[in-house]
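Everything below concerns the one structure shown next.
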Amino acid sequence: MDAGSGSAVTDTGRGPRTRALVLATVGFMLNFWAWALLSPLGSTFVEKGLTADSALLVAVPVLVGSLGRIPVGALTDRYGGRVMMPLISVVSIVPVLFLGFFGQDSYTALLVGGFFLGIAGTVFAVGVPFVNAWFPPSGRGLALGIYGAGMVGTAISAFTTVPLHVGAGETVPFLVAAAVLALYAALAWFLMRDAPAWTPSRTSMVAKVRGAAGLALTWQAMYLYAIAFGGYVAFSVYLPTYLQNEYGLEAGDAAARMGGFVVLAVACRVVGGLLADRIGAVTTLLASYLTVTAMAVVLSINPSLSGIGTAAFLVMAVGLGLGTGAVFGLVGQASDPSKVGAITGLVGAAGGLGGFVPPLILGQLWINQSNYGLGLLALAVASAGAVVITLMVGRAARRRTAADHEVPIHDADHHDHGRTS
């Protein structure tokens, strides 16, 4: 077995583990802040006449951030989070500054800047194996749930980007994000440490990814995460446009509501990780996907925001948050630690891709029908499929447990012979 990515966990004490978790979570949060900078400004670019619809614009960073997690996860198995976290942060500064100074007057420039901005979204695949190596299996669900709370960075973008863009100047949100990333990269370089038991993986990146892709757990987790995290990403990047089109809200109001959705989903991600440790990942995932299925059906009829609509959006956020936390609780508990980085890359990519496609579909639905109902019904069907996959995962886990506890026939015969002789 390849000795990478925390193949063992030593008793490092609570202090070093906590510091590692905090540094990783902050890095995830700040990079996700940068990753989401274009989403709140989508309607602004439409009003400037740069594009007729912002769906592709806000989806491009999601696509790159998703696919990029595959190599970044494998590279983290080899070089460790201590190198990769500050590296991703520094590289992400370049597209942030490009967009701030050169990318807001041309749709082509926005797409190019958004493409490279996607690098910031790959940071997720760095933190999961890094955190996983610091914690024992019994605590990985909660630890990874806390780390996953870093996706609140998209809420920071939602609450700050439009006010700064309008009130202080169009370059200011990007300058602030770049400065914060630079400060974090410097601190992370000096303060982050890989877990004592972690050793670099010597397997090639292609072999790591191929090995992870050969596991049934990887594909099951990919589908589950595509629904949970993909749904979260889709709502977080497209919800402002959705609310403005469907309900006629102002840009600032729509962005603030999206921020509330994100904060609730982030909080429930931590809860999802905790529940995965306490009551099991499968049970938590079933609750998640049943909730998402029901709320998607409710939202498909376009309920009033002053009535059931707002509650349905918030309950949807709860369901998606629980799922995003529990999926990686499942991965951390059920996979070989030396393969977590590669598995994370593939699962994270699936989650990001799950967030890339829906905004494009919703944008086209609005253009053709001026209604998002069919898109929500599609989410309900996909989430119902996740319920089925979760039941399959649970059944396979029960079979493995039963097999582990079976006494081989020849051993039983030996014990019987020993008792009779």
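The chains in the structure tokens are called A, B, ... from first to last as shown; in each chain the residues are counted from 1, and the ligands are counted from 1 in the order shown.
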Skip A:Gly354 itself and residues of its chain fewer than 6 positions away, then list as a PyMOL selection string all residues within 9 Å of it, counting only C-alpha atoms.
chain A and resi 66+223+225-231+233-234
File of the preceding selection, C-alpha atoms, as an mmCIF file, in the first residue's frame:
data_model
loop_
_atom_site.group_PDB
_atom_site.id
_atom_site.type_symbol
_atom_site.label_atom_id
_atom_site.label_comp_id
_atom_site.auth_asym_id
_atom_site.auth_seq_id
_atom_site.Cartn_x
_atom_site.Cartn_y
_atom_site.Cartn_z
ATOM 1 C CA SER A 66 -14.215 21.328 -10.238
ATOM 2 C CA TYR A 223 -22.920 11.039 -7.313
ATOM 3 C CA TYR A 225 -21.646 14.930 -3.665
ATOM 4 C CA ALA A 226 -22.744 16.067 -7.123
ATOM 5 C CA ILE A 227 -26.251 16.442 -5.713
ATOM 6 C CA ALA A 228 -25.403 17.891 -2.281
ATOM 7 C CA PHE A 229 -22.483 20.190 -3.007
ATOM 8 C CA GLY A 230 -23.505 20.684 -6.622
ATOM 9 C CA GLY A 231 -26.903 21.869 -5.464
ATOM 10 C CA VAL A 233 -22.915 25.662 -5.570
ATOM 11 C CA ALA A 234 -25.701 26.052 -8.118
#
Got a sec: who's within 9 Å of stretch 235-252 of chain A, counting only C-alpha atoms, leaving out chain neighbours fewer than 2 positions off, as a PyMOL selection string?
chain A and resi 36+38-44+54-55+58-59+62+154-155+158-159+162-163+230-233+254-259+261-262+302+304-305+355+358-359+362-363+366+370-372
Residues from last step as file, N, CA and C atoms, as a short mmCIF file (atom, residue, chain, number, x, y, z; two decimals), in the first residue's frame:
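Output contents, as saved in again36.cif:
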data_model
loop_
_atom_site.label_atom_id
_atom_site.label_comp_id
_atom_site.auth_asym_id
_atom_site.auth_seq_id
_atom_site.Cartn_x
_atom_site.Cartn_y
_atom_site.Cartn_z
N ALA A 36 -15.87 33.07 -5.75
CA ALA A 36 -17.26 33.49 -5.95
C ALA A 36 -17.41 34.98 -6.26
N LEU A 38 -17.39 36.69 -8.99
CA LEU A 38 -18.17 37.09 -10.16
C LEU A 38 -19.66 36.90 -9.97
N SER A 39 -20.05 35.94 -9.14
CA SER A 39 -21.47 35.59 -9.03
C SER A 39 -22.37 36.76 -8.63
N PRO A 40 -22.03 37.53 -7.58
CA PRO A 40 -22.93 38.65 -7.20
C PRO A 40 -22.99 39.76 -8.24
N LEU A 41 -22.01 39.80 -9.14
CA LEU A 41 -21.94 40.88 -10.13
C LEU A 41 -22.54 40.48 -11.47
N GLY A 42 -23.10 39.26 -11.54
CA GLY A 42 -23.62 38.79 -12.82
C GLY A 42 -24.63 39.73 -13.43
N SER A 43 -25.59 40.21 -12.64
CA SER A 43 -26.61 41.11 -13.18
C SER A 43 -26.02 42.46 -13.58
N THR A 44 -24.97 42.87 -12.89
CA THR A 44 -24.29 44.12 -13.25
C THR A 44 -23.70 44.06 -14.64
N SER A 54 -26.06 35.81 -17.45
CA SER A 54 -24.82 35.62 -16.71
C SER A 54 -24.53 34.17 -16.36
N ALA A 55 -25.37 33.23 -16.81
CA ALA A 55 -25.23 31.84 -16.38
C ALA A 55 -23.86 31.27 -16.72
N VAL A 58 -20.89 32.92 -14.61
CA VAL A 58 -20.72 32.49 -13.23
C VAL A 58 -20.42 31.00 -13.13
N ALA A 59 -20.68 30.26 -14.23
CA ALA A 59 -20.45 28.82 -14.20
C ALA A 59 -19.03 28.43 -14.57
N VAL A 62 -16.71 27.67 -11.76
CA VAL A 62 -17.15 26.43 -11.12
C VAL A 62 -16.60 25.22 -11.87
N THR A 154 -18.26 31.96 0.11
CA THR A 154 -19.18 32.46 -0.90
C THR A 154 -20.19 33.44 -0.31
N ALA A 155 -20.50 33.28 0.97
CA ALA A 155 -21.39 34.24 1.63
C ALA A 155 -20.68 35.57 1.85
N ALA A 158 -20.98 37.29 -1.26
CA ALA A 158 -22.35 37.77 -1.49
C ALA A 158 -22.64 39.05 -0.71
N PHE A 159 -22.16 39.11 0.53
CA PHE A 159 -22.47 40.27 1.39
C PHE A 159 -21.61 41.48 1.07
N VAL A 162 -21.03 43.38 -3.93
CA VAL A 162 -21.86 44.43 -4.53
C VAL A 162 -21.73 45.76 -3.78
N PRO A 163 -21.82 45.79 -2.43
CA PRO A 163 -21.63 47.08 -1.75
C PRO A 163 -20.28 47.72 -2.04
N GLY A 230 -23.12 20.08 -5.36
CA GLY A 230 -23.51 20.68 -6.62
C GLY A 230 -24.74 21.54 -6.47
N GLY A 231 -25.72 21.06 -5.71
CA GLY A 231 -26.90 21.87 -5.46
C GLY A 231 -26.57 23.14 -4.71
N TYR A 232 -25.68 23.01 -3.71
CA TYR A 232 -25.27 24.19 -2.96
C TYR A 232 -24.59 25.21 -3.87
N VAL A 233 -23.64 24.75 -4.68
CA VAL A 233 -22.91 25.66 -5.57
C VAL A 233 -23.87 26.31 -6.57
N ALA A 254 -31.31 40.42 -3.44
CA ALA A 254 -31.11 39.04 -3.90
C ALA A 254 -29.79 38.48 -3.41
N ALA A 255 -28.72 39.29 -3.45
CA ALA A 255 -27.41 38.83 -2.99
C ALA A 255 -27.44 38.56 -1.48
N ALA A 256 -28.12 39.40 -0.72
CA ALA A 256 -28.21 39.20 0.72
C ALA A 256 -28.96 37.92 1.06
N ARG A 257 -30.04 37.65 0.32
CA ARG A 257 -30.78 36.41 0.56
C ARG A 257 -29.93 35.19 0.20
N MET A 258 -29.17 35.30 -0.87
CA MET A 258 -28.25 34.22 -1.21
C MET A 258 -27.23 34.02 -0.10
N GLY A 259 -26.76 35.12 0.49
CA GLY A 259 -25.82 35.01 1.59
C GLY A 259 -26.43 34.28 2.78
N PHE A 261 -28.81 32.03 2.63
CA PHE A 261 -28.89 30.63 2.20
C PHE A 261 -27.55 29.94 2.44
N VAL A 262 -26.47 30.60 2.05
CA VAL A 262 -25.13 30.03 2.17
C VAL A 262 -24.75 29.82 3.63
N ASN A 302 -43.14 27.57 -7.70
CA ASN A 302 -42.90 29.01 -7.54
C ASN A 302 -43.73 29.63 -6.43
N SER A 304 -44.79 31.88 -3.16
CA SER A 304 -44.48 33.26 -2.78
C SER A 304 -43.40 33.30 -1.71
N LEU A 305 -42.47 34.27 -1.86
CA LEU A 305 -41.42 34.43 -0.86
C LEU A 305 -41.97 34.89 0.47
N GLY A 355 -22.52 21.59 -9.73
CA GLY A 355 -22.90 23.00 -9.62
C GLY A 355 -22.74 23.77 -10.91
N PRO A 358 -26.41 23.04 -13.54
CA PRO A 358 -27.72 23.65 -13.27
C PRO A 358 -27.87 25.12 -13.65
N PRO A 359 -26.88 26.00 -13.39
CA PRO A 359 -27.08 27.39 -13.81
C PRO A 359 -27.29 27.53 -15.31
N LEU A 362 -30.86 26.35 -15.95
CA LEU A 362 -31.81 27.35 -15.45
C LEU A 362 -31.83 28.59 -16.33
N GLY A 363 -30.65 29.01 -16.78
CA GLY A 363 -30.59 30.17 -17.66
C GLY A 363 -31.34 29.93 -18.96
N TRP A 366 -35.12 29.93 -18.39
CA TRP A 366 -35.68 31.27 -18.26
C TRP A 366 -35.82 31.94 -19.63
N SER A 370 -39.37 31.45 -19.29
CA SER A 370 -39.55 32.43 -18.21
C SER A 370 -40.05 31.75 -16.94
N ASN A 371 -39.54 30.54 -16.69
CA ASN A 371 -39.96 29.77 -15.52
C ASN A 371 -38.88 28.73 -15.21
N TYR A 372 -38.65 28.50 -13.91
CA TYR A 372 -37.61 27.56 -13.50
C TYR A 372 -38.17 26.22 -13.00
#
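Distances to A:Pro61 were evaluated for A:Gly114, A:Gly329, A:Gly352, A:Gly15 using only C-alpha atoms, and the minimum falls at A:Gly114.
Counting only C-alpha atoms, the residue from A:Ile367, A:Val22, A:Ala143, A:Val206 that sits nearest to A:Arg269 is A:Ala143.
Proximity ranking of A:Ala207, A:Ala213, A:Ala120, A:Val46 relative to A:Asp77 places A:Ala207 first, based on only C-alpha atoms.
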I'd like the neighbourhood of A:Thr25 as a PDB file with N, CA and C atoms, in the first residue's frame, where a residue qualifies if any of its atoms comes within 9 Å (using only C-alpha atoms), though same-chain residues fewer than 4 positions away should be ignored.
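The result, written out as around_35.pdb:
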ATOM      1  N   ALA A  20      -4.103  23.165  12.901  1.00  0.00           N
ATOM      2  CA  ALA A  20      -4.134  22.685  11.524  1.00  0.00           C
ATOM      3  C   ALA A  20      -5.530  22.851  10.922  1.00  0.00           C
ATOM      4  N   LEU A  21      -6.551  22.510  11.701  1.00  0.00           N
ATOM      5  CA  LEU A  21      -7.929  22.614  11.220  1.00  0.00           C
ATOM      6  C   LEU A  21      -8.315  24.065  10.974  1.00  0.00           C
ATOM      7  N   MET A  29     -11.972  29.095   3.174  1.00  0.00           N
ATOM      8  CA  MET A  29     -12.923  30.200   3.186  1.00  0.00           C
ATOM      9  C   MET A  29     -12.455  31.351   2.288  1.00  0.00           C
ATOM     10  N   LEU A  30     -11.200  31.739   2.414  1.00  0.00           N
ATOM     11  CA  LEU A  30     -10.699  32.891   1.667  1.00  0.00           C
ATOM     12  C   LEU A  30     -10.603  32.590   0.173  1.00  0.00           C
ATOM     13  N   GLY A 127      -7.487  20.706   1.372  1.00  0.00           N
ATOM     14  CA  GLY A 127      -7.783  20.669   2.799  1.00  0.00           C
ATOM     15  C   GLY A 127      -8.312  19.347   3.306  1.00  0.00           C
ATOM     16  N   ILE A 146     -16.308  20.740   9.873  1.00  0.00           N
ATOM     17  CA  ILE A 146     -15.824  22.081  10.245  1.00  0.00           C
ATOM     18  C   ILE A 146     -15.006  22.678   9.114  1.00  0.00           C
ATOM     19  N   TYR A 147     -14.116  21.863   8.541  1.00  0.00           N
ATOM     20  CA  TYR A 147     -13.330  22.362   7.405  1.00  0.00           C
ATOM     21  C   TYR A 147     -14.257  22.799   6.269  1.00  0.00           C
ATOM     22  N   GLY A 148     -15.266  21.987   5.999  1.00  0.00           N
ATOM     23  CA  GLY A 148     -16.193  22.312   4.928  1.00  0.00           C
ATOM     24  C   GLY A 148     -16.951  23.605   5.160  1.00  0.00           C
ATOM     25  N   ALA A 149     -17.022  24.047   6.423  1.00  0.00           N
ATOM     26  CA  ALA A 149     -17.689  25.322   6.709  1.00  0.00           C
ATOM     27  C   ALA A 149     -16.973  26.490   6.049  1.00  0.00           C
ATOM     28  N   GLY A 150     -15.759  26.241   5.559  1.00  0.00           N
ATOM     29  CA  GLY A 150     -15.047  27.284   4.833  1.00  0.00           C
ATOM     30  C   GLY A 150     -15.770  27.746   3.584  1.00  0.00           C
ATOM     31  N   MET A 151     -16.748  26.964   3.138  1.00  0.00           N
ATOM     32  CA  MET A 151     -17.498  27.412   1.968  1.00  0.00           C
ATOM     33  C   MET A 151     -18.341  28.650   2.270  1.00  0.00           C
TER      34      MET A 151
END
